[in-house]
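**Student:** Coordinates in structure.txt, compact mmCIF, C-alpha atoms, are listed below.
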```txt
# COMPACT_ATOMS: atom_id res chain seq x y z
CA MET A 1 71.22 123.68 79.25
CA SER A 2 69.25 126.65 80.50
CA ARG A 3 70.01 128.04 83.90
CA GLN A 4 66.70 126.75 85.24
CA ASP A 5 67.83 123.18 84.54
CA LYS A 6 71.11 123.57 86.36
CA SER A 7 71.67 122.02 89.76
CA ILE A 8 72.66 124.06 92.79
CA GLU A 9 76.12 122.56 92.53
CA GLU A 10 76.48 123.73 88.93
CA LYS A 11 75.18 127.18 89.79
CA THR A 12 77.57 127.41 92.72
CA THR A 13 80.48 126.44 90.46
CA GLU A 14 79.35 129.04 87.92
CA LEU A 15 79.18 131.68 90.64
CA THR A 16 82.66 130.79 91.87
CA LYS A 17 83.97 131.22 88.31
CA LEU A 18 82.24 134.57 87.98
CA VAL A 19 83.65 135.76 91.29
CA SER A 20 87.16 134.65 90.36
CA TRP A 21 86.85 136.59 87.08
CA PHE A 22 86.97 139.77 89.17
CA ASP A 23 90.44 138.78 90.39
CA SER A 24 91.65 137.53 87.03
CA GLU A 25 93.66 139.31 84.33
CA GLU A 26 90.57 139.25 82.12
CA PHE A 27 88.90 141.78 84.41
CA THR A 28 87.84 144.98 82.66
CA ILE A 29 85.78 147.83 84.02
CA GLU A 30 83.62 147.73 80.90
CA LYS A 31 82.50 144.13 81.59
CA ALA A 32 82.51 144.36 85.40
CA LEU A 33 79.00 145.75 85.80
CA GLU A 34 77.50 143.12 83.51
CA LYS A 35 79.35 140.34 85.35
CA PHE A 36 78.36 141.75 88.73
CA LYS A 37 74.68 141.76 87.77
CA GLU A 38 75.00 138.19 86.50
CA ALA A 39 76.64 137.05 89.77
CA GLU A 40 74.00 138.81 91.85
CA LYS A 41 71.20 137.10 89.90
CA LEU A 42 72.89 133.73 90.24
CA ALA A 43 73.29 134.20 93.99
CA THR A 44 69.57 135.00 94.34
CA GLU A 45 68.70 131.89 92.33
CA ILE A 46 70.96 129.69 94.50
CA GLU A 47 69.36 131.09 97.65
CA GLN A 48 65.85 130.48 96.29
CA ASP A 49 66.73 126.96 95.08
CA LEU A 50 68.24 126.05 98.44
CA SER A 51 65.25 127.34 100.38
CA ALA A 52 62.78 125.53 98.13
CA LEU A 53 64.46 122.10 98.21
CA LYS A 54 62.80 119.49 100.43
CA ASN A 55 63.97 115.97 101.20
CA GLU A 56 61.86 113.06 100.10
CA ILE A 57 61.86 110.62 103.03
CA GLU A 58 60.40 107.18 102.45
CA ILE A 59 60.21 104.30 104.92
CA VAL A 60 61.14 101.07 103.16
CA LYS A 61 58.15 98.72 103.11
CA LYS A 62 60.20 95.59 103.59
CA ARG A 63 60.32 94.26 107.13
CA PHE A 64 63.69 93.30 108.53
CA ASP A 65 62.62 91.33 111.59
CA SER A 66 62.74 88.03 109.70
CA GLU A 67 64.43 86.54 106.61
CA MET B 68 53.97 53.40 126.84
CA GLU B 69 51.71 51.32 129.12
CA GLN B 70 49.21 52.23 131.79
CA SER B 71 49.14 50.23 134.99
CA LYS B 72 46.93 51.05 138.02
CA ASN B 73 46.54 54.66 136.84
CA GLN B 74 50.31 54.90 136.66
CA ILE B 75 51.94 55.46 133.24
CA ILE B 76 54.95 53.35 132.47
CA TYR B 77 57.21 55.00 129.87
CA ASN B 78 59.99 53.51 127.96
CA VAL B 79 63.17 55.60 128.22
CA SER B 80 62.94 57.29 124.82
CA ASP B 81 59.29 58.19 125.30
CA PHE B 82 60.00 59.60 128.73
CA ILE B 83 62.80 61.74 127.33
CA ALA B 84 60.45 62.89 124.56
CA VAL B 85 57.64 63.69 127.01
CA LEU B 86 60.02 65.47 129.31
CA ASN B 87 61.34 67.54 126.42
CA GLN B 88 57.75 68.37 125.39
CA THR B 89 57.01 69.46 128.95
CA LEU B 90 60.16 71.51 129.07
CA GLU B 91 59.35 73.08 125.72
CA TYR B 92 55.87 73.97 126.91
CA ALA B 93 56.96 75.26 130.30
CA TYR B 94 60.19 76.96 129.22
CA PRO B 95 60.18 77.56 125.47
CA THR B 96 62.97 80.10 125.97
CA VAL B 97 64.84 80.98 129.10
CA GLN B 98 67.45 83.58 129.82
CA ILE B 99 70.04 82.54 132.35
CA GLU B 100 72.86 84.62 133.71
CA GLY B 101 76.03 82.97 134.89
CA GLU B 102 79.74 82.58 134.43
CA VAL B 103 81.28 80.68 131.53
CA ALA B 104 83.44 77.65 132.29
CA SER B 105 85.05 74.89 130.19
CA PHE B 106 84.51 76.82 126.96
CA LYS B 107 85.57 74.89 123.87
CA VAL B 108 84.87 74.76 120.13
CA ASN B 109 84.81 71.39 118.36
CA GLN B 110 85.50 70.95 114.63
CA ASN B 111 85.20 74.70 114.29
CA LYS B 112 81.42 74.20 114.30
CA PHE B 113 80.14 73.28 117.74
CA VAL B 114 80.50 75.30 120.91
CA PHE B 115 80.35 73.70 124.34
CA PHE B 116 80.58 75.41 127.68
CA ASP B 117 79.12 75.38 131.16
CA ILE B 118 77.24 78.23 132.71
CA LYS B 119 77.60 78.29 136.45
CA ASP B 120 77.16 80.23 139.61
CA LYS B 121 78.24 79.61 143.19
CA ASP B 122 76.03 76.56 143.68
CA GLY B 123 75.18 75.20 140.25
CA SER B 124 76.34 74.46 136.72
CA ILE B 125 74.53 73.58 133.44
CA ASN B 126 75.98 72.31 130.17
CA CYS B 127 75.41 74.53 127.15
CA PHE B 128 75.59 73.77 123.45
CA MET B 129 75.43 76.05 120.42
CA THR B 130 76.84 76.37 116.91
CA VAL B 131 79.74 78.65 116.07
CA TRP B 132 77.66 80.83 113.74
CA GLN B 133 75.31 81.63 116.61
CA LEU B 134 78.19 82.97 118.63
CA ARG B 135 78.09 86.67 117.77
CA MET B 136 80.67 87.93 120.23
CA PRO B 137 83.75 86.27 121.63
CA ILE B 138 83.40 84.68 125.05
CA GLU B 139 85.89 82.95 127.29
CA ASP B 140 86.06 81.21 130.65
CA GLY B 141 85.26 83.41 133.60
CA MET B 142 83.16 85.82 131.56
CA LYS B 143 79.73 86.71 132.90
CA VAL B 144 77.09 86.13 130.23
CA ILE B 145 73.36 85.89 129.67
CA VAL B 146 72.33 82.97 127.51
CA THR B 147 69.03 82.75 125.67
CA ALA B 148 68.33 79.06 125.36
CA SER B 149 65.90 76.16 125.39
CA PRO B 150 66.38 73.48 128.04
CA LYS B 151 66.68 69.96 126.72
CA LEU B 152 67.30 66.44 127.91
CA THR B 153 69.55 64.53 125.49
CA ARG B 154 68.86 60.91 124.59
CA TRP B 155 71.69 60.01 126.90
CA GLY B 156 69.82 61.61 129.76
CA LYS B 157 72.10 64.57 129.98
CA PHE B 158 70.44 67.88 130.69
CA SER B 159 71.73 70.80 128.63
CA LEU B 160 70.78 74.18 127.28
CA THR B 161 70.55 74.60 123.52
CA VAL B 162 71.76 78.16 123.26
CA ARG B 163 70.44 80.54 120.62
CA GLN B 164 72.23 83.61 121.82
CA VAL B 165 74.92 84.41 124.31
CA ARG B 166 75.88 87.92 125.23
CA PRO B 167 78.30 89.31 127.77
CA SER B 168 76.65 90.66 130.90
CA GLY B 169 77.93 93.58 132.89
CA GLU B 170 80.46 96.19 131.90
CA GLY B 171 83.49 94.05 132.66
CA ALA B 172 82.36 91.18 130.43
CA LEU B 173 81.22 93.52 127.68
CA LYS B 174 84.57 95.25 127.72
CA LYS B 175 86.43 91.96 127.68
CA SER B 176 84.37 90.66 124.75
CA PHE B 177 84.79 93.98 122.93
CA ASP B 178 88.57 93.87 123.36
CA LEU B 179 88.82 90.26 122.17
CA LEU B 180 86.77 90.91 119.01
CA LYS B 181 88.50 94.21 118.35
CA ALA B 182 91.90 92.49 118.48
CA THR B 183 90.73 89.75 116.10
CA LEU B 184 89.20 92.13 113.56
CA GLU B 185 92.11 94.52 113.82
CA ALA B 186 94.49 91.67 113.05
CA GLU B 187 92.40 90.92 109.95
CA GLY B 188 92.85 94.52 108.84
CA LEU B 189 89.14 95.32 109.00
CA PHE B 190 89.74 98.73 110.53
CA GLU B 191 92.67 99.74 108.29
CA LEU B 192 92.62 103.33 107.05
CA GLU B 193 93.44 102.10 103.53
CA ARG B 194 90.02 100.39 103.43
CA LYS B 195 88.15 103.61 104.11
CA ARG B 196 86.29 105.14 101.20
CA PRO B 197 85.32 108.80 100.97
CA LEU B 198 81.64 109.67 101.21
CA PRO B 199 80.00 111.41 98.23
CA ALA B 200 80.37 115.17 98.48
CA LEU B 201 76.69 115.91 98.01
CA PRO B 202 74.65 112.70 97.98
CA LYS B 203 71.28 112.74 96.23
CA HIS B 204 70.19 109.32 97.42
CA ILE B 205 70.92 107.95 100.88
CA GLY B 206 69.92 104.81 102.73
CA VAL B 207 69.29 105.23 106.46
CA ILE B 208 69.19 102.31 108.88
CA SER B 209 67.65 103.11 112.26
CA SER B 210 64.58 102.78 114.39
CA THR B 211 62.12 105.44 113.24
CA ASN B 212 60.96 105.84 116.86
CA ALA B 213 64.46 106.40 118.22
CA ALA B 214 65.50 109.87 119.35
CA GLY B 215 68.74 109.48 117.40
CA TYR B 216 66.85 108.95 114.14
CA ILE B 217 64.59 111.96 114.79
CA ASP B 218 67.65 114.15 115.51
CA PHE B 219 69.36 112.90 112.35
CA ILE B 220 66.37 113.63 110.09
CA LYS B 221 65.78 117.05 111.67
CA ILE B 222 69.39 118.14 111.11
CA LEU B 223 69.31 116.63 107.62
CA ASP B 224 66.21 118.68 106.70
CA ASP B 225 67.61 121.83 108.31
CA ARG B 226 70.90 121.57 106.46
CA TRP B 227 70.06 120.41 102.94
CA GLY B 228 67.19 119.40 100.68
CA GLY B 229 66.41 117.58 97.46
CA MET B 230 67.65 114.20 98.62
CA LYS B 231 65.90 110.88 98.32
CA VAL B 232 66.13 109.31 101.77
CA ASP B 233 65.16 105.64 102.04
CA VAL B 234 64.78 104.52 105.63
CA ALA B 235 65.02 100.91 106.76
CA ASN B 236 63.17 100.75 110.06
CA VAL B 237 64.94 98.24 112.30
CA GLN B 238 65.42 97.47 115.96
CA VAL B 239 68.60 99.10 117.19
CA GLN B 240 68.95 97.26 120.49
CA GLY B 241 68.17 93.91 122.02
CA SER B 242 67.89 90.42 120.69
CA GLY B 243 67.77 90.17 116.91
CA SER B 244 68.66 93.82 116.32
CA ALA B 245 72.05 93.05 114.78
CA ASP B 246 70.44 90.63 112.31
CA GLN B 247 67.86 93.24 111.34
CA ILE B 248 70.59 95.79 110.63
CA ILE B 249 72.54 93.20 108.63
CA ARG B 250 69.40 92.48 106.54
CA ALA B 251 68.90 96.20 105.96
CA ILE B 252 72.54 96.61 104.82
CA SER B 253 72.04 93.66 102.48
CA TYR B 254 68.73 95.13 101.23
CA PHE B 255 70.34 98.44 100.25
CA ASN B 256 73.30 96.66 98.66
CA GLN B 257 70.95 94.66 96.45
CA GLN B 258 68.89 97.55 95.08
CA VAL B 259 68.94 98.20 91.32
CA ILE B 260 69.69 101.85 91.98
CA LEU B 261 72.09 101.86 94.90
CA PRO B 262 72.00 104.63 97.48
CA GLU B 263 75.25 106.59 97.40
CA VAL B 264 75.81 106.08 101.11
CA ILE B 265 74.35 104.00 103.96
CA VAL B 266 73.94 105.82 107.27
CA ILE B 267 73.41 103.79 110.45
CA VAL B 268 72.27 105.88 113.39
CA ARG B 269 71.21 105.29 116.95
CA GLY B 270 71.19 107.59 119.97
CA GLY B 271 72.92 107.03 123.27
CA GLY B 272 72.27 104.14 125.62
CA SER B 273 73.82 101.83 128.15
CA ALA B 274 76.76 99.62 127.18
CA ASP B 275 74.30 96.75 126.99
CA ASP B 276 71.98 98.73 124.64
CA LEU B 277 74.89 99.56 122.35
CA ALA B 278 76.26 96.00 122.38
CA THR B 279 74.40 95.38 119.08
CA PHE B 280 77.02 97.51 117.36
CA ASN B 281 79.80 95.20 118.59
CA ASP B 282 78.19 92.16 117.00
CA GLU B 283 80.77 90.39 114.83
CA PRO B 284 78.57 89.59 111.79
CA LEU B 285 77.21 93.15 111.83
CA VAL B 286 80.70 94.64 111.99
CA ARG B 287 81.72 92.43 109.07
CA ALA B 288 78.58 93.40 107.09
CA ILE B 289 79.44 97.08 107.54
CA ALA B 290 83.04 96.49 106.49
CA THR B 291 82.04 94.56 103.36
CA SER B 292 79.16 96.80 102.23
CA ARG B 293 79.81 97.87 98.64
CA ILE B 294 78.02 101.12 99.43
CA PRO B 295 80.15 103.45 101.60
CA THR B 296 79.00 103.53 105.21
CA LEU B 297 78.64 106.25 107.83
CA VAL B 298 77.93 105.13 111.38
CA GLY B 299 76.76 107.48 114.14
CA VAL B 300 75.94 105.50 117.24
CA GLY B 301 75.64 106.68 120.84
CA HIS B 302 77.40 109.67 122.28
CA GLU B 303 80.77 111.12 121.50
CA ILE B 304 82.56 108.99 124.08
CA ASP B 305 81.04 105.70 122.90
CA GLU B 306 83.18 103.67 120.57
CA SER B 307 81.71 100.64 118.86
CA LEU B 308 83.31 98.16 116.50
CA ALA B 309 80.70 99.20 113.93
CA ASP B 310 82.18 102.73 114.13
CA LEU B 311 85.66 101.36 113.51
CA ALA B 312 84.56 99.26 110.54
CA ALA B 313 82.58 102.07 108.89
CA ASP B 314 84.12 104.20 106.17
CA VAL B 315 83.37 107.26 108.26
CA ARG B 316 82.54 107.47 111.94
CA ALA B 317 80.28 110.17 113.35
CA ALA B 318 80.25 110.96 117.05
CA THR B 319 76.45 111.14 117.24
CA PRO B 320 73.45 110.88 114.87
CA SER B 321 73.35 114.70 114.59
CA ASN B 322 77.04 114.70 113.76
CA ALA B 323 76.36 112.10 111.05
CA ALA B 324 74.00 114.56 109.33
CA GLN B 325 76.61 117.32 109.68
CA ILE B 326 79.30 115.13 108.12
CA LEU B 327 77.04 113.95 105.30
CA ILE B 328 75.87 117.26 103.86
CA PRO B 329 76.81 120.93 103.96
CA ASP B 330 74.64 123.50 105.71
CA LYS B 331 72.56 125.42 103.15
CA ASN B 332 72.40 128.42 105.49
CA GLU B 333 76.19 128.58 105.53
CA LEU B 334 76.23 128.27 101.75
CA ILE B 335 73.70 131.11 101.44
CA LYS B 336 75.86 133.24 103.75
CA SER B 337 78.97 132.37 101.76
CA VAL B 338 77.23 133.30 98.48
CA GLN B 339 76.14 136.64 99.97
CA VAL B 340 79.67 137.30 101.22
CA GLN B 341 81.05 136.55 97.75
CA ILE B 342 78.64 139.01 96.14
CA LYS B 343 79.37 141.69 98.74
CA SER B 344 83.08 141.25 98.09
CA LEU B 345 82.64 142.10 94.40
CA LEU B 346 81.48 145.71 94.75
CA PRO B 347 84.62 146.95 96.56
CA LYS B 348 86.68 145.23 93.85
CA VAL B 349 84.81 147.12 91.13
CA LEU B 350 85.06 150.41 93.04
CA GLN B 351 88.76 149.84 93.64
CA ALA B 352 89.27 149.11 89.97
CA LEU B 353 87.33 152.26 89.04
CA GLY B 354 89.42 154.34 91.45
CA GLN B 355 92.58 152.80 90.04
CA GLN B 356 91.49 153.63 86.53
CA LYS B 357 90.65 157.23 87.48
CA GLN B 358 94.09 157.56 88.97
CA ASN B 359 95.65 156.07 85.83
CA VAL B 360 93.78 158.56 83.62
CA ARG B 361 94.82 161.43 85.91
CA GLN B 362 98.46 160.34 85.80
CA GLN B 363 98.30 160.00 82.03
CA LEU B 364 96.89 163.53 81.78
CA ILE B 365 99.63 164.88 84.05
CA ARG B 366 102.26 163.09 81.97
CA SER B 367 100.74 164.51 78.74
CA LEU B 368 100.72 168.05 80.17
CA GLU B 369 104.33 167.66 81.28
CA SER B 370 105.30 166.53 77.76
CA ILE B 371 103.50 169.47 76.19
CA GLU B 372 105.23 171.88 78.59
CA LYS B 373 108.61 170.43 77.68
CA ILE B 374 107.90 170.80 73.94
CA ILE B 375 106.80 174.41 74.45
CA ASP B 376 109.91 175.20 76.51
CA ARG B 377 112.14 173.61 73.90
CA GLN B 378 110.51 175.58 71.10
CA ALA B 379 110.68 178.81 73.10
CA MET B 380 114.40 178.27 73.56
CA GLN B 381 114.83 177.65 69.84
CA ILE B 382 112.93 180.85 69.07
CA GLN B 383 115.10 182.73 71.55
CA SER B 384 118.24 181.44 69.91
CA ILE B 385 116.97 182.33 66.41
CA ASN B 386 116.07 185.78 67.70
CA LYS B 387 119.61 186.15 68.99
CA ILE B 388 121.05 185.19 65.62
CA LEU B 389 118.59 187.46 63.85
CA SER B 390 119.45 190.32 66.15
CA GLN B 391 123.14 189.89 65.26
CA LEU B 392 122.21 190.31 61.63
CA ASP B 393 120.29 193.57 62.14
CA PRO B 394 122.00 196.28 59.87
CA LYS B 395 121.61 198.92 62.57
CA LYS B 396 123.69 196.76 64.92
CA VAL B 397 126.35 196.49 62.17
CA LEU B 398 126.30 200.30 61.71
CA ALA B 399 126.58 200.68 65.48
CA ARG B 400 129.81 198.71 65.38
CA GLY B 401 131.24 201.42 63.05
CA TYR B 402 130.48 199.95 59.68
CA ALA B 403 128.72 201.94 56.89
CA ILE B 404 126.35 201.00 54.08
CA VAL B 405 127.42 202.31 50.65
CA LYS B 406 124.79 202.52 47.91
CA GLY B 407 125.18 203.68 44.27
CA GLU B 408 127.38 203.02 41.17
CA PHE B 409 131.06 202.54 41.88
CA ASN B 410 132.24 204.47 38.76
CA ILE B 411 134.51 207.48 38.74
CA GLY B 412 132.52 210.72 38.99
CA LYS B 413 129.35 208.99 40.28
CA ILE B 414 127.67 210.16 43.47
CA ILE B 415 127.25 207.40 46.06
CA GLU B 416 125.30 207.36 49.36
CA ILE B 417 127.14 206.39 52.54
CA GLU B 418 125.00 205.52 55.60
CA THR B 419 126.56 205.44 59.07
CA ILE B 420 124.94 205.12 62.45
CA LYS B 421 125.00 208.81 62.92
CA ALA B 422 124.51 210.29 59.38
CA ILE B 423 123.84 209.68 55.69
CA LEU B 424 126.52 211.13 53.44
CA LYS B 425 126.67 211.80 49.69
CA ALA B 426 130.15 211.44 48.09
CA GLU B 427 131.71 211.45 44.64
CA VAL B 428 133.73 208.40 43.47
CA LYS B 429 137.29 209.64 42.67
CA ASP B 430 138.99 206.38 42.04
CA VAL B 431 138.05 202.68 41.66
CA THR B 432 140.68 200.02 42.23
CA PRO B 433 139.37 196.50 41.53
CA ARG B 434 140.58 193.74 43.93
```
As a first step, turn the structure in this file into structure tokens.

**Tutor:**
Amino acid sequence: MSRQDKSIEEKTTELTKLVSWFDSEEFTIEKALEKFKEAEKLATEIEQDLSALKNEIEIVKKRFDSE
Amino acid sequence: MEQSKNQIIYNVSDFIAVLNQTLEYAYPTVQIEGEVASFKVNQNKFVFFDIKDKDGSINCFMTVWQLRMPIEDGMKVIVTASPKLTRWGKFSLTVRQVRPSGEGALKKSFDLLKATLEAEGLFELERKRPLPALPKHIGVISSTNAAGYIDFIKILDDRWGGMKVDVANVQVQGSGSADQIIRAISYFNQQVILPEVIVIVRGGGSADDLATFNDEPLVRAIATSRIPTLVGVGHEIDESLADLAADVRAATPSNAAQILIPDKNELIKSVQVQIKSLLPKVLQALGQQKQNVRQQLIRSLESIEKIIDRQAMQIQSINKILSQLDPKKVLARGYAIVKGEFNIGKIIEIETIKAILKAEVKDVTPR
């Protein structure tokens, strides 16, 4: 699944993982810059996705005033 | 029926029928307010009571299923009914709806129904289901003209997007409103693709306006919905039985939207905070590593210094030994170096610290 296909929830989970990597034992200076750039890009995408999302509101055609 | 001297003569049944027709034409539906007396239920199906005031009393009849809220003697009610003369000549009201009138009666009815439903376990915490964390499809039941609905949708749009929101437009107060909401609950529960949650919202109003949400069949429909329910009716201080039966109760329609979905602006802020928190971590790690390298260098230099010191000491000690072995030092202690053949008559060279002597060997005694 490409990143474009991922939901905001999935991207948020991915970002949380990336952020926690910085506090993990796997952290290395060599990889930190690459991971930081990745997290920054993901954060921008989440922000854009959230701003672009609109609700689709539909009034049900059925009438409820009689059986 | 006969006609005599312009005067109609009815038989009894016809007269009753004509009178009922007249009543039906003149008063198809009447609403009468009065106090309940002689309330009784027969065969668990038929309800009989009188509605009275200071000077009058009328018999009332209705079926149990039409009785939406509990009533009892002494309670002030408004009945919606059609007047009718029975074939035994007894005048009565055929009641379609009875609702408590005035705060005291509403409260009494509320307390009676609440106690009944509570005893059945309808409000038990164990029955409550969690709402989906981030619903993608929700069913809303409200009046699209109501302020509460408009508030709910506004907050919903402000907070989150990408949801499919199906709205069942119903009456949220007055006669028939409870049935409309029940039909809407049933409609959503029968869809092929079920909404993940049903939200019932209505803004504030008088106790009488909100009485719809204390309707027994409606409360039961909310409690038995297979889709989890969120009810946000009235203001924070209003408590309805619908609230108690719902899986989750919101204080107001706006609060219902807040409970249902997270705020995207807060999420954006949180994401930005997370990113901002990373840079200091990297810088701290870099600083830490610099310090580590510096300490390693210091340790290496200290080791080298120690090795050099040790070797210098060794050299010093060797020099001392070597200096002990210097022939001049031996001569200085009084010894002499003798060179030449140790045979009688041979000339040998004797070196002392002060002079070099030549001497002839006179005698050789082997040891």

**Student:** What are the residues of chain A that have an atom within 10 Å of an atom of chain B, counting only C-alpha atoms, as a PyMOL selection string?

**Tutor:** chain A and resi 9+12+15-16+18-20+22-23+27-29+32-33+35-37+39-44+46-67

**Student:** Between B:Gln240, B:Thr432, B:Gln358, B:Asn410, which residue has the minimum interatomic distance to Gly272 (chain B), considering only C-alpha atoms?

**Tutor:**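 Comparing B:Gln240, B:Thr432, B:Gln358, B:Asn410 against Gly272 (chain B), the winner is B:Gln240.
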
**Student:** So that I can see what lies close to Gly188 (chain B), please list as JSON, numbers by chain the residues with an atom at most 12 Å from it, counting only C-alpha atoms and leaving out residues fewer than 5 positions away in the same chain.

**Tutor:** {"B": [181, 182, 183, 193, 194, 195, 287, 290, 311, 312]}

**Student:** How far is it from CA of Lys175 (chain B) to CA of Phe190 (chain B), in Å with one decimal?

**Tutor:** 18.7 Å

**Student:** In Å, how far is it from CA of Ala278 (chain B) to CA of Val300 (chain B)?

**Tutor:**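 Rounded to one decimal, the two atoms are 10.8 Å apart.
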